[in-house]
$ cat protein_14.cif   # mmCIF, C-alpha atoms
data_target
#
loop_
_atom_site.label_atom_id
_atom_site.label_comp_id
_atom_site.auth_asym_id
_atom_site.auth_seq_id
_atom_site.Cartn_x
_atom_site.Cartn_y
_atom_site.Cartn_z
CA GLU Z 14 -31.30 -19.97 28.03
CA ALA Z 15 -30.97 -16.25 28.54
CA TYR Z 16 -30.98 -14.14 25.38
CA MET Z 17 -30.06 -10.48 25.16
CA ALA Z 18 -32.49 -8.34 23.17
CA GLN Z 19 -30.80 -7.17 19.98
CA PRO Z 20 -32.41 -5.71 16.90
CA LEU Z 21 -32.98 -8.47 14.33
CA TYR Z 22 -30.75 -11.00 16.13
CA ALA Z 23 -30.87 -13.06 19.28
CA ILE Z 24 -27.41 -13.48 20.80
CA ARG Z 25 -26.63 -15.62 23.79
CA GLU Z 26 -24.46 -13.94 26.39
CA GLY Z 27 -21.70 -16.53 25.99
CA ASP Z 28 -21.51 -15.92 22.24
CA MET Z 29 -20.85 -12.20 22.65
CA THR Z 30 -17.15 -12.80 23.34
CA PHE Z 31 -16.58 -14.25 19.89
CA VAL Z 32 -18.71 -11.59 18.20
CA ILE Z 33 -16.66 -8.86 19.88
CA LEU Z 34 -13.27 -10.50 19.27
CA ALA Z 35 -13.81 -11.58 15.64
CA PRO Z 36 -13.00 -8.17 14.08
CA PHE Z 37 -9.81 -7.95 16.15
CA VAL Z 38 -8.69 -11.35 14.89
CA VAL Z 39 -9.22 -10.05 11.36
CA LEU Z 40 -7.29 -6.85 12.16
CA ILE Z 41 -4.34 -8.77 13.62
CA GLY Z 42 -4.19 -11.03 10.56
CA GLN Z 43 -4.34 -8.08 8.19
CA ALA Z 44 -1.71 -6.15 10.13
CA ALA Z 45 0.63 -9.15 9.96
CA VAL Z 46 0.27 -9.29 6.17
CA PHE Z 47 0.73 -5.55 5.84
CA PHE Z 48 3.82 -5.28 8.05
CA TRP Z 49 5.33 -8.26 6.27
CA CYS Z 50 5.19 -6.21 3.04
CA LYS Z 51 5.89 -2.67 4.30
CA ASP Z 52 9.64 -2.59 3.66
CA THR Z 53 9.14 -3.52 0.02
CA ILE Z 54 6.48 -0.82 -0.34
CA ILE Z 55 8.79 1.87 1.08
CA GLU Z 56 11.68 0.68 -1.09
CA GLN Z 57 9.52 0.76 -4.22
CA ASN Z 58 8.27 4.25 -3.39
CA ILE Z 59 11.85 5.53 -3.11
CA THR Z 60 12.85 3.83 -6.38
CA THR Z 61 9.82 5.35 -8.10
CA MET Z 62 10.71 8.82 -6.82
CA GLU Z 63 14.28 8.46 -8.06
CA ALA Z 64 13.08 7.42 -11.51
CA ASP Z 65 10.65 10.35 -11.51
CA ASP Z 66 13.52 12.70 -10.63
CA GLN Z 67 15.59 11.30 -13.48
CA TRP Z 68 13.07 11.94 -16.23
CA SER Z 69 11.96 15.27 -14.72
CA SER Z 70 15.57 16.46 -14.61
CA PHE Z 71 16.02 15.35 -18.20
CA VAL Z 72 13.06 17.50 -19.29
CA VAL Z 73 14.27 20.55 -17.34
CA GLU Z 74 17.82 20.24 -18.69
CA ARG Z 75 16.66 19.85 -22.28
CA ALA Z 76 14.27 22.78 -21.97
CA THR Z 77 17.18 25.07 -21.10
CA ILE Z 78 19.23 23.95 -24.14
CA ARG Z 79 16.37 23.74 -26.62
CA ASN Z 80 18.04 26.09 -29.08
CA LEU Z 81 21.17 23.94 -29.19
CA ILE Z 82 19.12 20.80 -29.76
CA THR Z 83 17.25 22.49 -32.61
CA ASN Z 84 20.36 24.04 -34.19
CA PHE Z 85 22.32 20.80 -34.16
CA ARG Z 86 19.32 18.74 -35.30
CA SER Z 87 19.49 16.29 -32.43
CA GLY Z 88 15.82 16.44 -31.49
CA PHE Z 89 15.06 12.90 -32.62
CA ARG Z 90 17.94 11.47 -30.56
CA GLU Z 91 16.84 13.49 -27.51
CA ALA Z 92 13.24 12.36 -27.99
CA LYS Z 93 14.35 8.72 -28.10
CA GLN Z 94 16.39 9.21 -24.94
CA PHE Z 95 13.40 10.85 -23.21
CA GLU Z 96 11.16 8.00 -24.34
CA SER Z 97 13.55 5.46 -22.81
CA ILE Z 98 13.87 7.32 -19.51
CA HIS Z 99 10.12 7.88 -19.24
CA ARG Z 100 9.37 4.24 -20.15
CA ASP Z 101 11.68 3.12 -17.33
CA PHE Z 102 9.84 5.40 -14.90
CA ASN Z 103 6.44 4.09 -16.03
CA ASN Z 104 7.60 0.48 -15.60
CA ILE Z 105 8.94 1.16 -12.10
CA TRP Z 106 5.77 3.01 -11.14
CA ALA Z 107 3.56 0.23 -12.54
CA ASP Z 108 5.52 -2.40 -10.59
CA ALA Z 109 5.15 -0.43 -7.35
CA ASP Z 110 1.45 0.19 -7.94
CA GLY Z 111 0.88 -3.44 -8.89
CA TYR Z 112 2.63 -4.64 -5.74
CA TRP Z 113 0.46 -2.36 -3.63
CA GLY Z 114 -2.62 -3.84 -5.32
CA VAL Z 115 -1.40 -7.32 -4.40
CA VAL Z 116 -0.83 -6.23 -0.78
CA LEU Z 117 -4.33 -4.74 -0.58
CA TRP Z 118 -5.75 -7.95 -2.03
CA ARG Z 119 -3.87 -10.00 0.57
CA VAL Z 120 -5.10 -7.73 3.37
CA ALA Z 121 -8.70 -8.02 2.17
CA SER Z 122 -8.31 -11.79 1.70
CA VAL Z 123 -7.49 -12.28 5.37
CA ALA Z 124 -11.01 -11.20 6.33
CA GLU Z 125 -12.54 -13.41 3.66
CA VAL Z 126 -10.50 -16.45 4.73
CA ILE Z 127 -11.47 -15.94 8.37
CA ALA Z 128 -15.12 -15.47 7.30
CA ALA Z 129 -14.95 -18.69 5.28
CA LEU Z 130 -13.43 -20.57 8.23
CA PHE Z 131 -16.10 -19.18 10.51
CA LEU Z 132 -18.75 -20.11 7.98
CA GLY Z 133 -17.61 -23.73 8.19
CA PHE Z 134 -16.96 -24.00 11.91
CA GLY Z 135 -19.78 -21.69 12.98
CA GLY Z 136 -22.19 -23.46 10.66
CA LYS Z 137 -21.25 -26.76 12.31
CA LEU Z 138 -21.90 -25.21 15.73
CA VAL Z 139 -25.32 -23.99 14.55
CA LEU Z 140 -26.20 -27.41 13.16
CA ASP Z 141 -25.12 -29.06 16.43
CA GLY Z 142 -27.28 -26.60 18.38
CA LYS Z 143 -24.29 -25.07 20.23
CA MET Z 144 -24.71 -21.60 18.66
CA PRO Z 145 -27.95 -19.82 17.80
CA VAL Z 146 -28.47 -18.69 14.21
CA GLY Z 147 -28.61 -15.02 15.28
CA SER Z 148 -25.13 -15.20 16.82
CA PHE Z 149 -23.81 -16.90 13.73
CA VAL Z 150 -25.25 -14.31 11.34
CA THR Z 151 -24.06 -11.40 13.51
CA ALA Z 152 -20.52 -12.73 13.79
CA LEU Z 153 -20.31 -13.51 10.08
CA GLY Z 154 -21.55 -10.02 9.20
CA ALA Z 155 -19.04 -8.44 11.59
CA ILE Z 156 -16.14 -10.37 10.11
CA SER Z 157 -17.14 -9.66 6.52
CA SER Z 158 -17.81 -5.95 6.95
CA PHE Z 159 -14.71 -5.33 9.06
CA GLY Z 160 -12.45 -6.39 6.17
CA GLY Z 161 -13.48 -3.42 4.02
CA VAL Z 162 -13.09 -0.97 6.87
CA THR Z 163 -9.58 -2.13 7.66
CA ALA Z 164 -8.63 -2.11 3.97
CA SER Z 165 -9.39 1.63 3.91
CA ILE Z 166 -7.30 2.05 7.06
CA PHE Z 167 -4.39 0.30 5.37
CA GLN Z 168 -4.82 2.56 2.32
CA ALA Z 169 -4.31 5.54 4.65
CA ILE Z 170 -1.24 3.83 6.13
CA PHE Z 171 0.09 3.28 2.60
CA ASP Z 172 -0.26 7.01 1.95
CA LEU Z 173 1.71 7.62 5.16
CA MET Z 174 4.40 5.29 3.85
CA LYS Z 175 4.63 7.38 0.67
CA GLY Z 176 5.13 10.41 2.89
CA TYR Z 177 7.79 8.56 4.88
CA ALA Z 178 9.63 7.68 1.67
CA SER Z 179 9.48 11.34 0.60
CA ILE Z 180 10.86 12.50 3.94
CA GLN Z 181 13.62 9.91 3.75
CA LYS Z 182 14.55 11.08 0.25
CA ILE Z 183 14.61 14.75 1.30
CA SER Z 184 16.71 13.95 4.36
CA ASP Z 185 19.19 12.10 2.11
CA ILE Z 186 19.47 15.24 -0.03
CA PHE Z 187 19.93 17.53 2.97
CA ASN Z 188 22.50 15.24 4.53
CA ALA Z 189 24.46 14.62 1.31
CA GLU Z 190 28.05 15.71 0.93
CA THR Z 191 28.27 19.02 -0.85
CA ARG Z 192 31.01 20.74 -2.80
CA ARG Z 193 31.54 23.18 0.02
CA VAL Z 194 34.50 22.47 2.19
CA VAL Z 195 33.83 22.86 5.86
CA SER Z 196 36.88 24.26 7.53
CA SER Z 197 37.54 23.33 11.08
CA LYS Z 198 38.87 26.15 13.16
#
$ encode --input "protein_14.cif" --output "structure tokens"
Amino acid sequence: EAYMAQPLYAIREGDMTFVILAPFVVLIGQAAVFFWCKDTIIEQNITTMEADDQWSSFVVERATIRNLITNFRSGFREAKQFESIHRDFNNIWADADGYWGVVLWRVASVAEVIAALFLGFGGKLVLDGKMPVGSFVTALGAISSFGGVTASIFQAIFDLMKGYASIQKISDIFNAETRRVVSSK
């Protein structure tokens, strides 16, 4: 049989198709998982930003009336209210961050599941003499290493989704009804 010269591995020409397509199969599987979860990620980012706005506004408002709070001895009550608002924000943020961790795990797991399937089926092909060991090792390495690369790509996409949520929030503010009355002439 004709073998192509490759460093460290001998790959038959017919096996090259699978070696080339394996990373794309991983990418398609990971993209399916990611796009299945993207709406929840965007929604959680917006909710987190709204909670952040709430506690940040609380701090700014209380800073401007600090003298009143001190004079009327209501600092403890204000501190308890701040603690509650900030705890709510931390819980929302932790939920969003935890969900993103689960999504990244799912995305990375797709490559590992496909590598495990290939390990079983490819190993059987090697044992039956239908695939050379070099092709098997090359394909398995390609599948395994491609998972980490695409996980970093999805991290960048997640950062884009945070930006999208920010733009959506700003556009809601700019398009909100205001107290000004627009007169039609």
$ residues_around --input "protein_14.cif" --residues "segment 112-122 of chain Z" --least-positions-apart "3" --cutoff "6 Å" --atoms "all atoms listed in the file" --output "ChimeraX atom specification"
/Z:43,109,125-126,160
$ resolve_selection --input "protein_14.cif" --expression "the PyMOL selection byres ((chain Z and resi 49-56) around 12)" --output "ChimeraX atom specification"
/Z:42-48,57-63,105-106,108-117,119-120,167,170-182
$ residues_around --input "protein_14.cif" --residues "Ile127 of chain Z" --least-positions-apart "2" --cutoff "10 Å" --atoms "all atoms listed in the file" --output "PyMOL selection string"
chain Z and resi 35-36+38-39+42+122-125+129-133+153+156-157+160
$ resolve_selection --input "protein_14.cif" --expression "the PyMOL selection byres ((chain Z and resi 67) around 12)" --output "PyMOL selection string"
chain Z and resi 60-66+68-74+94-95+97-103
$ atom_distance --input "protein_14.cif" --atom1 "atom CA of Glu91 of chain Z" --atom2 "atom CA of Arg75 of chain Z"
8.2 Å
$ atom_distance --input "protein_14.cif" --atom1 "atom CA of Ala169 of chain Z" --atom2 "atom CA of Phe37 of chain Z"
18.6 Å
$ axis_aligned_box --input "protein_14.cif" --around "segment 186-191 of chain Z" --padding-each-side "8 Å" --output "JSON"
{"center_x": 23.9, "center_y": 16.8, "center_z": 1.8, "size_x": 24.8, "size_y": 20.4, "size_z": 21.4}
$ residues_around --input "protein_14.cif" --residues "Phe149 of chain Z" --least-positions-apart "3" --cutoff "9 Å" --atoms "all atoms listed in the file" --output "PyMOL selection string"
chain Z and resi 24+28+32+131-132+135-136+138-139+144-146+152-154
$ atom_distance --input "protein_14.cif" --atom1 "atom CA of Leu34 of chain Z" --atom2 "atom CA of Ala155 of chain Z"
9.8 Å
$ build_atoms --input "protein_14.cif" --residues "segment 148-159 of chain Z" --atoms "all heavy atoms" --output "PDB file, in the frame of the given file"
ATOM      1  N   SER Z 148     -26.540 -15.427  16.484  1.00  0.00           N
ATOM      2  CA  SER Z 148     -25.130 -15.200  16.820  1.00  0.00           C
ATOM      3  C   SER Z 148     -24.246 -15.470  15.613  1.00  0.00           C
ATOM      4  O   SER Z 148     -23.294 -14.737  15.333  1.00  0.00           O
ATOM      5  CB  SER Z 148     -24.696 -16.104  17.973  1.00  0.00           C
ATOM      6  OG  SER Z 148     -25.424 -15.806  19.126  1.00  0.00           O
ATOM      7  N   PHE Z 149     -24.579 -16.530  14.906  1.00  0.00           N
ATOM      8  CA  PHE Z 149     -23.810 -16.900  13.730  1.00  0.00           C
ATOM      9  C   PHE Z 149     -23.871 -15.804  12.662  1.00  0.00           C
ATOM     10  O   PHE Z 149     -22.845 -15.375  12.127  1.00  0.00           O
ATOM     11  CB  PHE Z 149     -24.334 -18.224  13.166  1.00  0.00           C
ATOM     12  CG  PHE Z 149     -23.710 -18.622  11.872  1.00  0.00           C
ATOM     13  CD1 PHE Z 149     -22.409 -19.114  11.835  1.00  0.00           C
ATOM     14  CD2 PHE Z 149     -24.411 -18.502  10.686  1.00  0.00           C
ATOM     15  CE1 PHE Z 149     -21.836 -19.479  10.637  1.00  0.00           C
ATOM     16  CE2 PHE Z 149     -23.841 -18.875   9.490  1.00  0.00           C
ATOM     17  CZ  PHE Z 149     -22.547 -19.358   9.460  1.00  0.00           C
ATOM     18  N   VAL Z 150     -25.064 -15.332  12.375  1.00  0.00           N
ATOM     19  CA  VAL Z 150     -25.250 -14.310  11.340  1.00  0.00           C
ATOM     20  C   VAL Z 150     -24.576 -13.000  11.756  1.00  0.00           C
ATOM     21  O   VAL Z 150     -23.918 -12.330  10.945  1.00  0.00           O
ATOM     22  CB  VAL Z 150     -26.751 -14.092  11.052  1.00  0.00           C
ATOM     23  CG1 VAL Z 150     -26.978 -12.892  10.150  1.00  0.00           C
ATOM     24  CG2 VAL Z 150     -27.347 -15.333  10.441  1.00  0.00           C
ATOM     25  N   THR Z 151     -24.685 -12.630  13.021  1.00  0.00           N
ATOM     26  CA  THR Z 151     -24.060 -11.400  13.510  1.00  0.00           C
ATOM     27  C   THR Z 151     -22.544 -11.477  13.409  1.00  0.00           C
ATOM     28  O   THR Z 151     -21.895 -10.536  12.936  1.00  0.00           O
ATOM     29  CB  THR Z 151     -24.471 -11.135  14.972  1.00  0.00           C
ATOM     30  OG1 THR Z 151     -25.896 -11.062  15.041  1.00  0.00           O
ATOM     31  CG2 THR Z 151     -23.866  -9.850  15.485  1.00  0.00           C
ATOM     32  N   ALA Z 152     -21.974 -12.570  13.837  1.00  0.00           N
ATOM     33  CA  ALA Z 152     -20.520 -12.730  13.790  1.00  0.00           C
ATOM     34  C   ALA Z 152     -20.022 -12.753  12.343  1.00  0.00           C
ATOM     35  O   ALA Z 152     -19.008 -12.119  12.019  1.00  0.00           O
ATOM     36  CB  ALA Z 152     -20.108 -14.001  14.510  1.00  0.00           C
ATOM     37  N   LEU Z 153     -20.717 -13.446  11.481  1.00  0.00           N
ATOM     38  CA  LEU Z 153     -20.310 -13.510  10.080  1.00  0.00           C
ATOM     39  C   LEU Z 153     -20.382 -12.131   9.422  1.00  0.00           C
ATOM     40  O   LEU Z 153     -19.487 -11.736   8.678  1.00  0.00           O
ATOM     41  CB  LEU Z 153     -21.186 -14.518   9.322  1.00  0.00           C
ATOM     42  CG  LEU Z 153     -20.768 -14.824   7.893  1.00  0.00           C
ATOM     43  CD1 LEU Z 153     -19.358 -15.418   7.856  1.00  0.00           C
ATOM     44  CD2 LEU Z 153     -21.759 -15.785   7.258  1.00  0.00           C
ATOM     45  N   GLY Z 154     -21.431 -11.388   9.733  1.00  0.00           N
ATOM     46  CA  GLY Z 154     -21.550 -10.020   9.200  1.00  0.00           C
ATOM     47  C   GLY Z 154     -20.456  -9.107   9.732  1.00  0.00           C
ATOM     48  O   GLY Z 154     -19.915  -8.287   8.993  1.00  0.00           O
ATOM     49  N   ALA Z 155     -20.107  -9.264  11.011  1.00  0.00           N
ATOM     50  CA  ALA Z 155     -19.040  -8.440  11.590  1.00  0.00           C
ATOM     51  C   ALA Z 155     -17.702  -8.723  10.938  1.00  0.00           C
ATOM     52  O   ALA Z 155     -16.946  -7.806  10.613  1.00  0.00           O
ATOM     53  CB  ALA Z 155     -18.954  -8.677  13.101  1.00  0.00           C
ATOM     54  N   ILE Z 156     -17.412  -9.994  10.730  1.00  0.00           N
ATOM     55  CA  ILE Z 156     -16.140 -10.370  10.110  1.00  0.00           C
ATOM     56  C   ILE Z 156     -16.078  -9.861   8.671  1.00  0.00           C
ATOM     57  O   ILE Z 156     -15.086  -9.272   8.247  1.00  0.00           O
ATOM     58  CB  ILE Z 156     -15.942 -11.898  10.150  1.00  0.00           C
ATOM     59  CG1 ILE Z 156     -15.766 -12.380  11.593  1.00  0.00           C
ATOM     60  CG2 ILE Z 156     -14.731 -12.302   9.323  1.00  0.00           C
ATOM     61  CD1 ILE Z 156     -15.820 -13.881  11.741  1.00  0.00           C
ATOM     62  N   SER Z 157     -17.133 -10.056   7.931  1.00  0.00           N
ATOM     63  CA  SER Z 157     -17.140  -9.660   6.520  1.00  0.00           C
ATOM     64  C   SER Z 157     -17.059  -8.156   6.333  1.00  0.00           C
ATOM     65  O   SER Z 157     -16.316  -7.663   5.488  1.00  0.00           O
ATOM     66  CB  SER Z 157     -18.399 -10.186   5.833  1.00  0.00           C
ATOM     67  OG  SER Z 157     -18.393 -11.592   5.837  1.00  0.00           O
ATOM     68  N   SER Z 158     -17.813  -7.401   7.122  1.00  0.00           N
ATOM     69  CA  SER Z 158     -17.810  -5.950   6.950  1.00  0.00           C
ATOM     70  C   SER Z 158     -16.538  -5.301   7.496  1.00  0.00           C
ATOM     71  O   SER Z 158     -16.121  -4.248   7.015  1.00  0.00           O
ATOM     72  CB  SER Z 158     -19.035  -5.325   7.600  1.00  0.00           C
ATOM     73  OG  SER Z 158     -18.992  -5.524   8.999  1.00  0.00           O
ATOM     74  N   PHE Z 159     -15.909  -5.920   8.467  1.00  0.00           N
ATOM     75  CA  PHE Z 159     -14.710  -5.330   9.060  1.00  0.00           C
ATOM     76  C   PHE Z 159     -13.548  -5.357   8.081  1.00  0.00           C
ATOM     77  O   PHE Z 159     -12.669  -4.505   8.142  1.00  0.00           O
ATOM     78  CB  PHE Z 159     -14.348  -6.075  10.351  1.00  0.00           C
ATOM     79  CG  PHE Z 159     -13.447  -5.292  11.242  1.00  0.00           C
ATOM     80  CD1 PHE Z 159     -13.893  -4.167  11.893  1.00  0.00           C
ATOM     81  CD2 PHE Z 159     -12.130  -5.686  11.429  1.00  0.00           C
ATOM     82  CE1 PHE Z 159     -13.063  -3.436  12.721  1.00  0.00           C
ATOM     83  CE2 PHE Z 159     -11.292  -4.972  12.254  1.00  0.00           C
ATOM     84  CZ  PHE Z 159     -11.756  -3.846  12.903  1.00  0.00           C
TER      85      PHE Z 159
END
